[in-house]
>>> print(open('model-v2.txt').read())   # compact mmCIF, C-alpha atoms and all ligand atoms
# COMPACT_ATOMS: atom_id res chain seq x y z
CA MET A 1 158.02 46.06 176.94
CA ASN A 2 161.05 46.00 174.67
CA ASN A 3 160.86 44.40 171.25
CA ALA A 4 157.18 43.54 171.41
CA VAL A 5 156.00 41.49 168.44
CA LEU A 6 152.40 40.77 167.53
CA VAL A 7 152.41 37.23 166.13
CA ILE A 8 149.50 36.40 163.84
CA ASN A 9 148.49 32.97 162.63
CA SER A 10 145.71 33.54 160.14
CA GLY A 11 143.73 30.49 159.04
CA SER A 12 140.65 30.20 156.87
CA SER A 13 138.17 30.43 159.75
CA SER A 14 140.30 31.51 162.71
CA LEU A 15 142.89 34.13 163.57
CA LYS A 16 145.23 33.37 166.45
CA PHE A 17 147.32 36.14 167.90
CA GLN A 18 149.87 36.58 170.62
CA LEU A 19 151.76 39.65 171.81
CA VAL A 20 155.25 38.46 172.70
CA ASP A 21 158.15 40.22 174.34
CA ALA A 22 160.93 38.80 172.18
CA ASP A 23 163.60 39.67 174.75
CA SER A 24 162.11 38.04 177.83
CA GLY A 25 160.05 35.47 175.93
CA VAL A 26 156.97 36.44 177.92
CA ALA A 27 153.59 36.35 176.16
CA ARG A 28 151.75 39.50 177.27
CA ALA A 29 148.42 38.50 175.75
CA ALA A 30 146.99 35.90 173.43
CA GLY A 31 143.71 35.03 171.84
CA ASN A 32 141.89 33.30 169.06
CA VAL A 33 139.09 34.80 166.97
CA GLU A 34 137.10 31.89 165.61
CA ARG A 35 134.33 31.16 163.12
CA ILE A 36 135.39 33.86 160.65
CA GLY A 37 132.93 34.06 157.78
CA GLU A 38 130.77 31.21 159.05
CA PRO A 39 126.97 31.44 159.00
CA TRP A 40 125.57 33.24 162.09
CA SER A 41 129.06 34.37 163.09
CA ALA A 42 129.52 37.96 164.23
CA VAL A 43 132.94 37.98 162.52
CA ALA A 44 132.33 38.44 158.79
CA ASP A 45 135.89 38.55 157.50
CA HIS A 46 139.56 38.74 158.44
CA GLU A 47 139.47 42.51 158.85
CA GLN A 48 136.75 42.21 161.48
CA ALA A 49 138.68 39.38 163.09
CA LEU A 50 141.79 41.51 163.45
CA ARG A 51 139.79 44.46 164.75
CA ARG A 52 138.30 42.11 167.30
CA ALA A 53 141.81 40.97 168.28
CA PHE A 54 142.75 44.63 168.85
CA ASP A 55 139.65 45.00 171.05
CA MET A 56 140.66 41.94 173.06
CA LEU A 57 144.15 43.42 173.54
CA ALA A 58 142.62 46.73 174.61
CA THR A 59 140.46 44.88 177.14
CA ASP A 60 143.70 43.46 178.52
CA GLY A 61 144.92 47.05 178.90
CA ILE A 62 147.30 46.87 175.92
CA ASP A 63 147.64 49.83 173.60
CA LEU A 64 149.45 48.63 170.48
CA GLN A 65 150.65 52.16 169.70
CA ALA A 66 152.27 52.53 173.10
CA CYS A 67 153.51 49.04 173.98
CA GLY A 68 156.81 49.10 172.12
CA LEU A 69 155.55 47.14 169.13
CA VAL A 70 158.44 46.63 166.69
CA ALA A 71 156.94 44.15 164.25
CA VAL A 72 154.00 42.02 163.28
CA GLY A 73 155.13 38.45 162.64
CA HIS A 74 153.00 36.43 160.26
CA ARG A 75 153.13 32.66 160.30
CA VAL A 76 153.08 31.43 156.71
CA VAL A 77 152.80 27.70 156.17
CA HIS A 78 154.47 27.28 152.78
CA GLY A 79 157.58 29.15 151.68
CA GLY A 80 158.19 27.00 148.60
CA MET A 81 161.77 26.82 147.31
CA GLU A 82 162.36 30.54 147.59
CA PHE A 83 161.55 31.58 151.16
CA HIS A 84 163.56 30.07 153.94
CA GLN A 85 164.47 33.16 155.94
CA PRO A 86 162.16 35.48 157.88
CA THR A 87 161.13 37.90 155.13
CA PRO A 88 159.92 41.52 155.40
CA LEU A 89 156.63 41.81 153.57
CA ASP A 90 156.11 44.19 150.69
CA ASP A 91 153.83 44.02 147.67
CA THR A 92 156.35 41.98 145.66
CA VAL A 93 156.78 39.36 148.39
CA ILE A 94 153.01 39.17 148.92
CA GLY A 95 152.56 38.60 145.18
CA LYS A 96 155.04 35.72 145.34
CA LEU A 97 153.26 34.24 148.35
CA GLU A 98 150.02 34.34 146.41
CA ARG A 99 151.63 32.42 143.58
CA LEU A 100 152.75 29.80 146.12
CA SER A 101 149.13 29.18 147.04
CA ALA A 102 148.91 26.30 144.57
CA LEU A 103 151.35 24.42 146.81
CA ALA A 104 149.33 25.11 149.96
CA PRO A 105 145.77 25.91 148.90
CA LEU A 106 144.33 25.38 152.39
CA HIS A 107 146.92 27.43 154.27
CA ASN A 108 148.60 30.17 152.26
CA PRO A 109 145.53 32.09 150.98
CA PRO A 110 144.17 32.84 154.49
CA ALA A 111 147.69 33.82 155.63
CA VAL A 112 147.95 36.28 152.73
CA LEU A 113 144.53 37.63 153.64
CA GLY A 114 145.69 38.17 157.22
CA ILE A 115 148.87 39.89 156.00
CA ARG A 116 146.96 42.31 153.77
CA VAL A 117 144.53 43.27 156.51
CA ALA A 118 147.22 43.64 159.16
CA ARG A 119 149.37 45.86 156.93
CA ARG A 120 146.38 48.07 156.31
CA LEU A 121 145.42 48.33 159.98
CA LEU A 122 149.00 48.64 161.31
CA PRO A 123 150.79 50.55 158.54
CA ASP A 124 153.58 52.00 160.66
CA VAL A 125 155.27 48.85 161.80
CA ALA A 126 157.36 46.20 159.99
CA HIS A 127 155.45 43.11 158.84
CA ILE A 128 157.54 39.98 158.54
CA ALA A 129 156.67 36.50 157.28
CA VAL A 130 158.11 33.46 159.05
CA PHE A 131 157.77 30.17 157.22
CA ASP A 132 156.82 26.77 158.59
CA THR A 133 158.92 25.12 155.90
CA ALA A 134 162.09 27.14 156.56
CA PHE A 135 163.79 24.85 159.05
CA PHE A 136 163.68 21.98 156.56
CA HIS A 137 164.97 23.94 153.58
CA ASP A 138 168.27 22.06 153.54
CA LEU A 139 166.93 18.54 153.99
CA PRO A 140 169.41 16.16 152.38
CA PRO A 141 168.33 15.34 148.79
CA ALA A 142 167.83 11.68 149.71
CA ALA A 143 165.14 12.71 152.21
CA ALA A 144 163.68 15.60 150.20
CA THR A 145 163.23 13.79 146.89
CA TYR A 146 160.18 11.81 145.80
CA ALA A 147 160.97 8.89 143.51
CA ILE A 148 158.88 10.17 140.61
CA ASP A 149 159.72 11.44 137.12
CA ARG A 150 162.58 13.86 137.70
CA GLU A 151 161.63 16.45 135.09
CA LEU A 152 158.04 16.55 136.21
CA ALA A 153 159.16 17.07 139.79
CA GLN A 154 161.52 19.87 138.74
CA THR A 155 158.93 21.63 136.60
CA TRP A 156 156.32 21.63 139.33
CA ARG A 157 158.70 21.95 142.29
CA ILE A 158 157.54 18.70 143.80
CA ARG A 159 159.74 17.81 146.75
CA ARG A 160 159.39 17.16 150.43
CA TYR A 161 159.31 20.57 152.13
CA GLY A 162 158.40 19.68 155.73
CA PHE A 163 156.25 21.80 158.10
CA HIS A 164 155.98 22.74 161.80
CA GLY A 165 159.55 23.97 161.37
CA CYS A 166 159.28 26.63 164.09
CA SER A 167 158.25 23.96 166.57
CA HIS A 168 160.90 21.40 165.60
CA ARG A 169 163.58 24.07 165.79
CA TYR A 170 162.41 25.46 169.12
CA VAL A 171 162.01 22.05 170.75
CA SER A 172 165.42 20.83 169.60
CA GLU A 173 166.99 24.03 170.99
CA ARG A 174 165.16 23.69 174.31
CA ALA A 175 166.10 20.01 174.60
CA ALA A 176 169.78 20.82 174.05
CA ALA A 177 169.63 23.67 176.58
CA PHE A 178 167.95 21.39 179.13
CA LEU A 179 170.77 18.87 178.76
CA GLY A 180 173.39 21.62 178.83
CA ARG A 181 174.78 20.49 175.48
CA PRO A 182 175.24 22.38 172.20
CA ARG A 183 172.54 21.54 169.69
CA ASP A 184 175.11 20.69 167.04
CA GLY A 185 176.50 18.02 169.35
CA LEU A 186 173.25 16.06 169.60
CA ASN A 187 171.20 13.76 167.41
CA GLN A 188 167.53 14.31 168.10
CA ILE A 189 164.07 13.09 167.18
CA VAL A 190 161.18 15.52 167.74
CA LEU A 191 157.59 14.25 167.80
CA HIS A 192 155.16 17.16 167.39
CA LEU A 193 151.74 15.68 168.18
CA GLY A 194 148.89 18.19 168.01
CA ASN A 195 145.91 18.38 165.69
CA GLY A 196 148.54 18.37 162.98
CA ALA A 197 151.36 15.96 163.73
CA SER A 198 154.88 15.56 162.42
CA ALA A 199 158.16 13.92 163.31
CA SER A 200 161.68 15.03 162.51
CA ALA A 201 165.17 13.58 162.73
CA ILE A 202 167.88 16.15 163.45
CA ALA A 203 171.56 15.22 163.21
CA ALA A 204 174.01 17.59 164.87
CA GLY A 205 171.47 20.43 164.68
CA ARG A 206 170.51 19.87 161.03
CA PRO A 207 167.21 18.27 160.02
CA VAL A 208 167.88 15.09 158.03
CA ASP A 209 164.31 13.85 157.67
CA THR A 210 160.78 14.90 158.46
CA SER A 211 157.42 13.25 158.05
CA MET A 212 155.47 15.96 156.19
CA GLY A 213 156.11 16.41 152.49
CA LEU A 214 154.94 18.59 149.61
CA THR A 215 151.96 19.44 151.82
CA PRO A 216 151.19 18.88 155.51
CA LEU A 217 149.23 15.75 154.55
CA GLU A 218 152.07 13.22 154.56
CA GLY A 219 153.36 11.25 157.51
CA LEU A 220 151.75 10.61 160.88
CA VAL A 221 148.04 10.02 161.44
CA MET A 222 146.53 13.37 162.51
CA GLY A 223 143.29 14.78 163.91
CA THR A 224 141.64 15.03 160.49
CA ARG A 225 144.43 14.13 158.00
CA SER A 226 145.28 10.65 156.81
CA GLY A 227 149.05 10.96 156.81
CA ASP A 228 150.83 8.34 154.65
CA LEU A 229 148.64 6.62 152.12
CA ASP A 230 149.19 4.49 149.04
CA PRO A 231 148.95 7.10 146.22
CA GLY A 232 146.99 4.44 144.34
CA VAL A 233 144.02 5.16 146.60
CA ILE A 234 143.50 8.53 144.89
CA GLY A 235 143.19 7.14 141.35
CA TYR A 236 141.10 4.29 142.62
CA LEU A 237 138.58 6.62 144.31
CA TRP A 238 138.50 8.86 141.26
CA ARG A 239 137.86 5.96 138.89
CA THR A 240 135.55 3.75 140.93
CA ALA A 241 133.83 6.01 143.49
CA LYS A 242 133.68 8.81 140.88
CA MET A 243 134.99 11.32 143.40
CA GLY A 244 136.49 14.54 142.02
CA VAL A 245 140.01 15.58 142.96
CA ASP A 246 138.76 18.37 145.26
CA ASP A 247 136.48 15.90 147.03
CA ILE A 248 139.30 13.44 147.50
CA GLU A 249 141.61 16.13 148.86
CA ALA A 250 138.93 17.44 151.21
CA MET A 251 138.34 13.90 152.43
CA LEU A 252 142.05 13.31 153.06
CA ASN A 253 142.60 16.66 154.79
CA GLN A 254 139.36 17.22 156.68
CA ARG A 255 137.55 13.91 157.15
CA SER A 256 140.36 11.41 157.66
CA GLY A 257 142.85 10.63 160.41
CA VAL A 258 141.43 9.97 163.85
CA LEU A 259 138.22 11.82 162.93
CA GLY A 260 137.68 9.65 159.86
CA LEU A 261 138.17 6.44 161.84
CA ALA A 262 136.41 7.31 165.10
CA GLY A 263 134.17 10.30 164.34
CA GLU A 264 136.12 12.39 166.86
CA ARG A 265 139.36 14.30 166.38
CA ASP A 266 140.01 15.57 169.90
CA PHE A 267 142.29 13.20 171.83
CA ARG A 268 140.69 13.87 175.20
CA ARG A 269 137.29 12.86 173.89
CA LEU A 270 138.82 9.97 171.96
CA ARG A 271 140.27 8.70 175.25
CA ALA A 272 136.83 8.87 176.90
CA MET A 273 135.36 6.90 173.97
CA ILE A 274 138.06 4.22 174.32
CA GLU A 275 137.36 3.95 178.02
CA SER A 276 133.67 3.44 177.32
CA GLY A 277 134.58 0.50 175.05
CA ASP A 278 134.12 2.09 171.62
CA PRO A 279 135.92 -0.23 169.14
CA ALA A 280 136.24 2.42 166.40
CA ALA A 281 137.97 4.79 168.84
CA GLN A 282 140.30 1.98 169.92
CA LEU A 283 141.20 1.20 166.31
CA ALA A 284 141.83 4.89 165.53
CA TYR A 285 144.15 5.09 168.51
CA ASP A 286 145.95 1.89 167.57
CA VAL A 287 146.51 3.11 164.00
CA PHE A 288 147.82 6.44 165.35
CA ILE A 289 150.26 4.71 167.71
CA HIS A 290 151.39 2.16 165.13
CA ARG A 291 152.30 4.91 162.65
CA LEU A 292 154.07 6.89 165.36
CA ARG A 293 156.20 3.89 166.37
CA ARG A 294 157.02 3.21 162.75
CA TYR A 295 158.36 6.75 162.31
CA LEU A 296 160.22 6.65 165.60
CA GLY A 297 161.89 3.37 164.64
CA GLY A 298 162.62 4.70 161.16
CA TYR A 299 164.31 7.80 162.50
CA LEU A 300 166.38 5.82 164.99
CA ALA A 301 167.68 3.98 161.92
CA VAL A 302 168.17 7.17 159.86
CA LEU A 303 170.23 8.71 162.67
CA GLY A 304 172.12 5.55 163.62
CA HIS A 305 172.88 7.10 166.99
CA THR A 306 170.20 9.08 168.83
CA ASP A 307 170.72 11.15 171.98
CA VAL A 308 167.28 12.63 172.60
CA VAL A 309 163.64 12.01 171.72
CA SER A 310 161.25 14.88 172.57
CA PHE A 311 157.46 14.92 172.71
CA THR A 312 155.68 18.21 172.11
CA ALA A 313 152.33 19.93 171.22
CA GLY A 314 148.88 19.24 172.71
CA ILE A 315 148.98 15.44 172.69
CA GLY A 316 152.74 15.06 173.05
CA GLU A 317 152.83 17.36 176.09
CA HIS A 318 149.65 16.27 177.82
CA ASP A 319 148.79 12.66 177.02
CA PRO A 320 150.99 10.27 179.03
CA ALA A 321 149.30 7.18 177.56
CA VAL A 322 150.36 8.16 174.04
CA ARG A 323 153.96 8.58 175.20
CA ARG A 324 153.88 5.24 177.02
CA ASP A 325 152.35 3.39 174.07
CA ALA A 326 154.81 4.99 171.65
CA LEU A 327 157.82 3.96 173.74
CA THR A 328 157.15 0.64 175.43
CA GLY A 329 159.17 -2.34 174.28
CA MET A 330 161.99 -0.20 172.87
CA ALA A 331 164.66 -1.04 175.48
CA GLU A 332 166.70 -2.90 172.88
CA LEU A 333 166.59 0.21 170.71
CA GLY A 334 167.98 2.28 173.58
CA ILE A 335 164.82 3.75 175.11
CA ARG A 336 164.17 3.00 178.78
CA PHE A 337 161.10 4.77 179.76
CA ASP A 338 160.10 5.64 183.38
CA GLU A 339 156.37 5.27 184.01
CA ASP A 340 156.37 7.39 187.18
CA ARG A 341 158.20 10.25 185.54
CA ASN A 342 155.87 9.95 182.56
CA LEU A 343 152.83 10.39 184.79
CA ALA A 344 154.27 13.17 186.93
CA ALA A 345 153.19 16.72 186.18
CA SER A 346 155.74 19.36 185.34
CA ASP A 347 157.13 21.05 188.45
CA GLY A 348 157.26 24.33 186.55
CA GLU A 349 161.07 24.30 186.37
CA SER A 350 163.01 24.64 183.09
CA ASP A 351 160.05 26.12 181.15
CA GLY A 352 158.21 22.84 181.72
CA VAL A 353 160.87 20.66 180.05
CA ARG A 354 161.16 17.33 181.87
CA ARG A 355 162.74 13.92 181.50
CA ILE A 356 160.59 10.79 181.23
CA SER A 357 163.35 8.24 180.59
CA THR A 358 165.29 6.45 183.33
CA ASP A 359 168.66 7.86 184.36
CA ASP A 360 170.44 4.91 182.72
CA SER A 361 168.51 5.09 179.44
CA PRO A 362 170.96 5.35 176.51
CA ILE A 363 168.49 7.69 174.80
CA THR A 364 167.04 10.56 176.86
CA VAL A 365 163.31 11.11 176.39
CA LEU A 366 161.90 14.56 177.18
CA VAL A 367 158.59 16.38 177.21
CA VAL A 368 159.19 19.87 175.83
CA PRO A 369 156.38 22.46 175.66
CA THR A 370 156.59 24.08 172.24
CA ASN A 371 156.45 27.83 171.64
CA GLU A 372 156.13 28.63 167.96
CA GLU A 373 155.11 32.24 168.65
CA LEU A 374 158.38 32.94 170.44
CA VAL A 375 160.38 31.58 167.50
CA ILE A 376 158.41 33.82 165.15
CA ALA A 377 158.82 36.86 167.41
CA ARG A 378 162.58 36.36 167.73
CA ASP A 379 162.94 35.77 163.99
CA CYS A 380 161.20 39.09 163.39
CA VAL A 381 163.51 40.94 165.75
CA SER A 382 166.54 39.25 164.16
CA VAL A 383 165.49 40.64 160.77
CA LEU A 384 165.27 44.08 162.31
CA GLY A 385 168.81 43.64 163.56
CA GLY A 386 168.07 43.63 167.26
CA TYR A 387 168.50 39.98 168.07
CA ARG A 388 170.87 37.33 166.86
CA ARG A 389 169.25 34.14 165.61
CA ALA A 390 170.15 31.07 167.60
P1 LIG B 401 147.09 22.52 167.09
O1 LIG B 401 147.73 21.67 166.04
O2 LIG B 401 145.67 22.91 166.77
O3 LIG B 401 147.95 23.64 167.61
P2 LIG B 401 147.46 21.38 169.73
O4 LIG B 401 148.94 21.30 169.77
O5 LIG B 401 146.78 22.37 170.59
O6 LIG B 401 146.90 21.47 168.26
O7 LIG B 401 146.91 19.91 170.11
C1 LIG B 401 145.56 19.62 170.11
C2 LIG B 401 145.36 18.17 170.54
O8 LIG B 401 145.95 17.98 171.84
C3 LIG B 401 143.91 17.76 170.65
O9 LIG B 401 143.72 16.46 170.10
C4 LIG B 401 143.69 17.73 172.15
O10 LIG B 401 142.71 16.79 172.53
C5 LIG B 401 145.04 17.26 172.63
N1 LIG B 401 145.21 17.55 174.06
C6 LIG B 401 145.28 18.77 174.65
N2 LIG B 401 145.33 18.62 175.99
C7 LIG B 401 145.28 17.30 176.25
C8 LIG B 401 145.30 16.50 177.44
N3 LIG B 401 145.37 17.06 178.64
N4 LIG B 401 145.27 15.16 177.29
C9 LIG B 401 145.20 14.60 176.08
N5 LIG B 401 145.17 15.29 174.93
C10 LIG B 401 145.22 16.61 175.01
>>> encode(input="model-v2.txt", output="structure tokens", more="lines below")
Ligand code: ADP
Amino acid sequence: MNNAVLVINSGSSSLKFQLVDADSGVARAAGNVERIGEPWSAVADHEQALRRAFDMLATDGIDLQACGLVAVGHRVVHGGMEFHQPTPLDDTVIGKLERLSALAPLHNPPAVLGIRVARRLLPDVAHIAVFDTAFFHDLPPAAATYAIDRELAQTWRIRRYGFHGCSHRYVSERAAAFLGRPRDGLNQIVLHLGNGASASAIAAGRPVDTSMGLTPLEGLVMGTRSGDLDPGVIGYLWRTAKMGVDDIEAMLNQRSGVLGLAGERDFRRLRAMIESGDPAAQLAYDVFIHRLRRYLGGYLAVLGHTDVVSFTAGIGEHDPAVRRDALTGMAELGIRFDEDRNLAASDGESDGVRRISTDDSPITVLVVPTNEELVIARDCVSVLGGYRRA
């Protein structure tokens, strides 16, 4: 394998990994070590988790020393103002990432932990951080700025950063390639609907708006996150329910969204609950769809002219009912959706990219399987000078 990159996504209780051939785009192996540090778990910490990942690779017949490994790519959620390029990791950079943890307390500390362990266990290879915020670094000020006290915002670097950047970038590139058009000649909306969910508007290849903000909490309704919320709710809960700020944040991040409304965050099980007549599940779904349509309509207005809308990630790729309910009744806005195409499975052509709009629809609607690991792997190789960034 040429230009093999081990991509690591280190979370607080799980470590996902994938060994990617950056040239061919083929994933040689992938896995997820879960329940790190949880009671009764055999995986005590991130070092054990990574050692277990190496064991899983070895079981697949992969010897990391002999497989042409050129880099370890680390997914880092928050790059703050400073990091918007793939960045080789050294002690100085890691120190800066630690200081960014205040901006992303749930995500950056476990990523830094994963980086430290991986550098120790694989000392002879380049370690490179790729940031989820990077794609949105140049959001226009009108979209990036919160309407709050300007000095306060400057002092504390409060702005809209945007996340899922690797996915939004990859999907917009794949959509353009599928249509045989240059990305900078298309206006696109990307709907990334997984456990975390975000939408972006991309004009001529440049992101002009995105639904996530200072943190990944803003925007769409998600598996466990509320998305948009009147900021007044926070003060109200603090004052009247006597909840502390950590409690309120934990509630908004971990016990809200579809889970908070229906008691279930997984969309397949939510669907089964709706079918059995569960009114809470139905309401959770309706709130999810309503918010999604509001963002879609908003971005059609932000762009003025839209060429492509793409659905991606677990729900976006696999749940035809969500796509139907997001798109019906939008013919006057330029979206003519084809129910048969929507229900058809991918025929395996074009990396699974497929059209679900009618041939005469002014706006093309696509399903595009995302591949964040490949973006990270190729970014790593580009830093090493072996691959030009798209
Ligand atoms: P993550 O943000 O954890 O990467 P994913 O992109 O894997 O999330 O998306 C997870 C979500 O996708 C879950 O809610 C899951 O139920 C949903 N999902 C996956 N497959 C299907 C399917 N076939 N039908 C409906 N929903 C699905």
>>> residues_near_ligand(input="model-v2.txt", ligand="ligand LIG 401 (chain B)", cutoff="10 Å", atoms="all atoms listed in the file", output="CSV table (one decimal) with C-alpha atoms, in the frame of the given file")
chain,number,residue,atom,x,y,z
A,164,HIS,CA,156.0,22.7,161.8
A,192,HIS,CA,155.2,17.2,167.4
A,193,LEU,CA,151.7,15.7,168.2
A,194,GLY,CA,148.9,18.2,168.0
A,195,ASN,CA,145.9,18.4,165.7
A,196,GLY,CA,148.5,18.4,163.0
A,197,ALA,CA,151.4,16.0,163.7
A,222,MET,CA,146.5,13.4,162.5
A,223,GLY,CA,143.3,14.8,163.9
A,224,THR,CA,141.6,15.0,160.5
A,258,VAL,CA,141.4,10.0,163.8
A,264,GLU,CA,136.1,12.4,166.9
A,265,ARG,CA,139.4,14.3,166.4
A,266,ASP,CA,140.0,15.6,169.9
A,267,PHE,CA,142.3,13.2,171.8
A,268,ARG,CA,140.7,13.9,175.2
A,269,ARG,CA,137.3,12.9,173.9
A,270,LEU,CA,138.8,10.0,172.0
A,271,ARG,CA,140.3,8.7,175.2
A,312,THR,CA,155.7,18.2,172.1
A,313,ALA,CA,152.3,19.9,171.2
A,314,GLY,CA,148.9,19.2,172.7
A,315,ILE,CA,149.0,15.4,172.7
A,316,GLY,CA,152.7,15.1,173.0
A,317,GLU,CA,152.8,17.4,176.1
A,318,HIS,CA,149.6,16.3,177.8
A,319,ASP,CA,148.8,12.7,177.0
A,320,PRO,CA,151.0,10.3,179.0
A,321,ALA,CA,149.3,7.2,177.6
A,322,VAL,CA,150.4,8.2,174.0
A,369,PRO,CA,156.4,22.5,175.7
A,370,THR,CA,156.6,24.1,172.2
A,372,GLU,CA,156.1,28.6,168.0
>>> atom_distance(input="model-v2.txt", atom1="CA of Gly80 in chain A", atom2="CA of Ala250 in chain A")
21.7 Å
>>> closest_residue(input="model-v2.txt", among="A:Val221, A:Val190, A:Leu100, A:Ala272", to="Thr364 in chain A", atoms="all atoms listed in the file")
A:Val190
>>> residues_around(input="model-v2.txt", residues="range 127-134 of chain A", least_positions_apart="5", cutoff="8 Å", atoms="all atoms listed in the file", output="ChimeraX atom specification")
/A:71-80,83-89,115,119,161-166,376,379-380
>>> write_last_selection(input="model-v2.txt", atoms="C-alpha atoms", output="PDB file, in the coordinates of the input")
ATOM      1  CA  ALA A  71     156.940  44.150 164.250  1.00  0.00           C
ATOM      2  CA  VAL A  72     154.000  42.020 163.280  1.00  0.00           C
ATOM      3  CA  GLY A  73     155.130  38.450 162.640  1.00  0.00           C
ATOM      4  CA  HIS A  74     153.000  36.430 160.260  1.00  0.00           C
ATOM      5  CA  ARG A  75     153.130  32.660 160.300  1.00  0.00           C
ATOM      6  CA  VAL A  76     153.080  31.430 156.710  1.00  0.00           C
ATOM      7  CA  VAL A  77     152.800  27.700 156.170  1.00  0.00           C
ATOM      8  CA  HIS A  78     154.470  27.280 152.780  1.00  0.00           C
ATOM      9  CA  GLY A  79     157.580  29.150 151.680  1.00  0.00           C
ATOM     10  CA  GLY A  80     158.190  27.000 148.600  1.00  0.00           C
ATOM     11  CA  PHE A  83     161.550  31.580 151.160  1.00  0.00           C
ATOM     12  CA  HIS A  84     163.560  30.070 153.940  1.00  0.00           C
ATOM     13  CA  GLN A  85     164.470  33.160 155.940  1.00  0.00           C
ATOM     14  CA  PRO A  86     162.160  35.480 157.880  1.00  0.00           C
ATOM     15  CA  THR A  87     161.130  37.900 155.130  1.00  0.00           C
ATOM     16  CA  PRO A  88     159.920  41.520 155.400  1.00  0.00           C
ATOM     17  CA  LEU A  89     156.630  41.810 153.570  1.00  0.00           C
ATOM     18  CA  ILE A 115     148.870  39.890 156.000  1.00  0.00           C
ATOM     19  CA  ARG A 119     149.370  45.860 156.930  1.00  0.00           C
ATOM     20  CA  TYR A 161     159.310  20.570 152.130  1.00  0.00           C
ATOM     21  CA  GLY A 162     158.400  19.680 155.730  1.00  0.00           C
ATOM     22  CA  PHE A 163     156.250  21.800 158.100  1.00  0.00           C
ATOM     23  CA  HIS A 164     155.980  22.740 161.800  1.00  0.00           C
ATOM     24  CA  GLY A 165     159.550  23.970 161.370  1.00  0.00           C
ATOM     25  CA  CYS A 166     159.280  26.630 164.090  1.00  0.00           C
ATOM     26  CA  ILE A 376     158.410  33.820 165.150  1.00  0.00           C
ATOM     27  CA  ASP A 379     162.940  35.770 163.990  1.00  0.00           C
ATOM     28  CA  CYS A 380     161.200  39.090 163.390  1.00  0.00           C
TER      29      CYS A 380
END
>>> atom_distance(input="model-v2.txt", atom1="CA of Ile363 in chain A", atom2="CA of Ser198 in chain A")
20.0 Å
>>> atom_distance(input="model-v2.txt", atom1="CA of Ala44 in chain A", atom2="CA of Asn253 in chain A")
24.4 Å
>>> residues_around(input="model-v2.txt", residues="Asn342 in chain A", least_positions_apart="3", cutoff="10 Å", atoms="all atoms listed in the file", output="list in words")
Asp319, Pro320, Ala321, Arg323, Arg324, Phe337, Asp338, Glu339, Ala345, Ser346, Arg354, Arg355, Ile356, Ser357, Val365, Leu366 and Val367 of chain A
>>> residues_near_point(input="model-v2.txt", point="(164.2, 0.1, 174.7)", cutoff="12 Å", atoms="only C-alpha atoms", output="ChimeraX atom specification")
/A:296-297,300,324,326-338,357-358,360-365
>>> closest_residue(input="model-v2.txt", among="A:Arg291, A:Arg174, A:His305, A:Arg52", to="Asp351 in chain A", atoms="all atoms listed in the file")
A:Arg174
>>> closest_residue(input="model-v2.txt", among="A:Leu252, A:Leu106, A:Met243, A:Ile148", to="Leu229 in chain A", atoms="all atoms listed in the file")
A:Leu252
>>> residues_near_point(input="model-v2.txt", point="(158.8, 22.7, 147.2)", cutoff="7 Å", atoms="all atoms listed in the file", output="PyMOL selection string")
chain A and resi 80-81+157-161+214
>>> residues_around(input="model-v2.txt", residues="range 19-32 of chain A", least_positions_apart="5", cutoff="7 Å", atoms="all atoms listed in the file", output="PDB file with C-alpha atoms, in the frame of the given file")
ATOM      1  CA  MET A   1     158.020  46.060 176.940  1.00  0.00           C
ATOM      2  CA  ASN A   2     161.050  46.000 174.670  1.00  0.00           C
ATOM      3  CA  ASN A   3     160.860  44.400 171.250  1.00  0.00           C
ATOM      4  CA  ALA A   4     157.180  43.540 171.410  1.00  0.00           C
ATOM      5  CA  VAL A   5     156.000  41.490 168.440  1.00  0.00           C
ATOM      6  CA  LEU A   6     152.400  40.770 167.530  1.00  0.00           C
ATOM      7  CA  VAL A   7     152.410  37.230 166.130  1.00  0.00           C
ATOM      8  CA  SER A  14     140.300  31.510 162.710  1.00  0.00           C
ATOM      9  CA  LEU A  57     144.150  43.420 173.540  1.00  0.00           C
ATOM     10  CA  LEU A 374     158.380  32.940 170.440  1.00  0.00           C
ATOM     11  CA  ALA A 377     158.820  36.860 167.410  1.00  0.00           C
ATOM     12  CA  ARG A 378     162.580  36.360 167.730  1.00  0.00           C
TER      13      ARG A 378
END
>>> closest_residue(input="model-v2.txt", among="A:Gly213, A:Pro123, A:Ile274, A:Ser13", to="Glu38 in chain A", atoms="only C-alpha atoms")
A:Ser13
>>> axis_aligned_box(input="model-v2.txt", around="range 194-198 of chain A", padding_each_side="3 Å", output="AutoDock Vina command-line options")
--center_x 150.4 --center_y 17.0 --center_z 165.2 --size_x 15.0 --size_y 8.8 --size_z 11.6
>>> residues_around(input="model-v2.txt", residues="Asp184 in chain A", least_positions_apart="2", cutoff="9 Å", atoms="all atoms listed in the file", output="PyMOL selection string")
chain A and resi 176+181-182+186-187+203-206
>>> closest_residue(input="model-v2.txt", among="A:Ala53, A:Glu47, A:Ile189, A:Met251", to="Ala301 in chain A", atoms="only C-alpha atoms")
A:Ile189
